[in-house]
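Each remark here refers to the structure printed beneath this line.
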Amino acid sequence: MNDSAPVPPPRLLVEERRRLIVEYVESNGRATVEELATRFGTSTVTIRNDLESLARSGALARSHGGALPSTQTVTNDVPLNIKETRSHPQKLRIGLAAAKLIKDGETIILDSGSTTVEIARQIRQLKFESLTVVTNALNIALELSGLPNIRVMMLGGLLRPTSYSLVGPDAEQALSRISADKLFLGVDGLDPLVGVTTPDPLEASLNTLMIRVSRETIAVFDASKLGQRSLSVITPISTLNTVITDHSASDEMVEALRDAGVDVMLV
């Protein structure tokens, strides 16, 4: 028996190992998969799974062959009435630019949010002969109620008071039975590495289905959301067809979006 054989490190619970991985990456500035596998006495497959899970939650940033510290992370679910006061001039311009993309006779989806409600307000000013609007947002449905030639389809589900939105299995079941021409997707955070994110897992699940049933996905948000991350990942940025944001977006972020094949409109 070889008494000098190295003693393997004690097995850690998954949550504890992932917490220590984040601490290690943050203190060292980066880490490779092999380095972490050796440090924690586990396989590279396990470490890759850990890194993917941590990247999805925004705890760190995935890089080729390893991980980097996370940039700014947004976890708070800010009430809609507060969101609407932030960057309001930019949201007005974005709402106007987005509304101009809507064609007569289309079926569109308006996601909940402080920017998408500005699209609804612009729709009120336009003269459509026929338009169907599908939404999970109570305030957007109210904005468009009573308008001639505008048919509003409201998704059911569990009400989220902070966003006036309906989410959950009932909303997803109703959404799965339709097909839309365009989706206007509100964004809480967009990071080129992680993708499009939102604080609520049920909202993220519904947003993912919205993308699936739509021919075209247009993300609308002010530039303060670029580089931010929330808890739940909706989709990679490559899934987006168009991004409409304001001129304060950094050249680096705009280039990253365009490199991913996304059409970027700055207003």
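We name chains A, B, ... following the order of the structure tokens; residues begin at 1 in each chain, and ligands are numbered from 1 as shown.
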
- request: Considering only C-alpha atoms, return as JSON, numbers by chain whatever protein or nucleic-acid residues lie within 8 Å of stretch 239-251 of chain A, sequence-local ones (same chain, fewer than 2 positions apart) excluded.
  value: {"A": [90, 94, 97, 98, 216, 217, 218, 219, 220, 221, 222, 223, 224, 226, 235, 236, 237, 253, 254, 255, 261, 262, 263, 264, 265, 266, 267]}

Selection near A:Val25, 9 Å with only C-alpha atoms, sequence-local residues under 5 positions removed, as a PyMOL selection string: chain A and resi 20+30-31+60+67-69

Preceding selection exported with all heavy atoms as a compact mmCIF listing (two decimals), in the first residue's frame:
# COMPACT_ATOMS: atom_id res chain seq x y z
N LEU A 20 -18.16 28.02 -4.12
CA LEU A 20 -16.71 28.11 -4.06
C LEU A 20 -16.10 28.38 -5.43
O LEU A 20 -15.08 29.07 -5.55
CB LEU A 20 -16.12 26.82 -3.46
CG LEU A 20 -16.43 26.57 -1.98
CD1 LEU A 20 -15.96 25.19 -1.56
CD2 LEU A 20 -15.79 27.65 -1.11
N ARG A 30 -10.16 34.68 -13.47
CA ARG A 30 -10.58 33.71 -14.48
C ARG A 30 -10.21 32.31 -13.97
O ARG A 30 -9.46 32.17 -13.00
CB ARG A 30 -9.90 33.95 -15.84
CG ARG A 30 -8.38 33.85 -15.80
CD ARG A 30 -7.78 33.85 -17.21
NE ARG A 30 -8.07 32.60 -17.88
CZ ARG A 30 -8.82 32.51 -18.97
NH1 ARG A 30 -9.39 33.58 -19.48
NH2 ARG A 30 -9.03 31.34 -19.55
N ALA A 31 -10.72 31.27 -14.62
CA ALA A 31 -10.35 29.90 -14.27
C ALA A 31 -10.69 28.99 -15.44
O ALA A 31 -11.68 29.22 -16.14
CB ALA A 31 -11.07 29.42 -13.01
N LEU A 60 -21.57 34.09 -12.90
CA LEU A 60 -20.29 34.29 -13.57
C LEU A 60 -20.51 34.28 -15.08
O LEU A 60 -21.61 34.02 -15.55
CB LEU A 60 -19.26 33.23 -13.14
CG LEU A 60 -19.61 31.74 -13.18
CD1 LEU A 60 -19.74 31.22 -14.59
CD2 LEU A 60 -18.58 30.94 -12.42
N ALA A 67 -14.18 30.15 -17.26
CA ALA A 67 -15.15 31.15 -16.79
C ALA A 67 -14.44 32.42 -16.39
O ALA A 67 -13.25 32.41 -16.04
CB ALA A 67 -15.94 30.59 -15.61
N LEU A 68 -15.21 33.52 -16.43
CA LEU A 68 -14.74 34.84 -16.02
C LEU A 68 -15.70 35.38 -14.96
O LEU A 68 -16.84 34.93 -14.87
CB LEU A 68 -14.71 35.79 -17.21
CG LEU A 68 -13.80 35.41 -18.37
CD1 LEU A 68 -14.08 36.31 -19.57
CD2 LEU A 68 -12.34 35.50 -17.96
N PRO A 69 -15.26 36.36 -14.18
CA PRO A 69 -16.19 36.97 -13.20
C PRO A 69 -17.39 37.59 -13.90
O PRO A 69 -17.29 38.08 -15.03
CB PRO A 69 -15.33 38.04 -12.51
CG PRO A 69 -13.93 37.61 -12.74
CD PRO A 69 -13.91 36.94 -14.07

For A:Gly156: contacts at 8 Å, only C-alpha atoms, fewer than 3 positions along chain excluded, given as an MDAnalysis selection string: chainID A and resid 136 166:167 170:171 174

With N, CA, C and O atoms kept, could you save the residues just selected as a PDB file, in the first residue's frame?
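So selection-v8.pdb came out as:
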ATOM      1  N   ASN A 136     -49.732  39.524 -22.460  1.00  0.00           N
ATOM      2  CA  ASN A 136     -49.906  38.982 -21.109  1.00  0.00           C
ATOM      3  C   ASN A 136     -49.917  40.097 -20.077  1.00  0.00           C
ATOM      4  O   ASN A 136     -49.838  39.845 -18.874  1.00  0.00           O
ATOM      5  N   LEU A 166     -49.375  38.370 -16.645  1.00  0.00           N
ATOM      6  CA  LEU A 166     -49.902  37.046 -16.352  1.00  0.00           C
ATOM      7  C   LEU A 166     -48.928  35.999 -16.877  1.00  0.00           C
ATOM      8  O   LEU A 166     -48.483  36.071 -18.023  1.00  0.00           O
ATOM      9  N   VAL A 167     -48.597  35.039 -16.033  1.00  0.00           N
ATOM     10  CA  VAL A 167     -47.602  34.029 -16.374  1.00  0.00           C
ATOM     11  C   VAL A 167     -48.091  32.658 -15.905  1.00  0.00           C
ATOM     12  O   VAL A 167     -49.155  32.542 -15.293  1.00  0.00           O
ATOM     13  N   ASP A 170     -51.204  28.258 -17.501  1.00  0.00           N
ATOM     14  CA  ASP A 170     -52.401  28.671 -18.236  1.00  0.00           C
ATOM     15  C   ASP A 170     -52.054  29.648 -19.356  1.00  0.00           C
ATOM     16  O   ASP A 170     -52.584  29.560 -20.468  1.00  0.00           O
ATOM     17  N   ALA A 171     -51.166  30.593 -19.061  1.00  0.00           N
ATOM     18  CA  ALA A 171     -50.735  31.549 -20.079  1.00  0.00           C
ATOM     19  C   ALA A 171     -49.991  30.831 -21.203  1.00  0.00           C
ATOM     20  O   ALA A 171     -50.196  31.121 -22.394  1.00  0.00           O
ATOM     21  N   ALA A 174     -52.444  28.866 -23.521  1.00  0.00           N
ATOM     22  CA  ALA A 174     -53.151  29.746 -24.457  1.00  0.00           C
ATOM     23  C   ALA A 174     -52.215  30.212 -25.567  1.00  0.00           C
ATOM     24  O   ALA A 174     -52.587  30.240 -26.746  1.00  0.00           O
TER      25      ALA A 174
END

- request: Give the answer as one residue: which of A:Ser53, A:Asn149, A:Ser163, A:Asn139 has the shortest atom-to-atom distance to A:Glu106, using only C-alpha atoms?
  value: A:Asn149

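Note that the spacing between atom CA of A:Glu172 and atom CA of A:Thr135 amounts to 11.7 Å.
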
Gap from atom CA of A:Ile102 to atom CA of A:Gly146 - Å, one decimal: 19.3 Å

field: Selection: 10 Å around A:Gly66, only C-alpha atoms, excl. self and same-chain fewer than 3 positions, as a PyMOL selection string
entry: chain A and resi 25+30-36+47-48+51+61-63
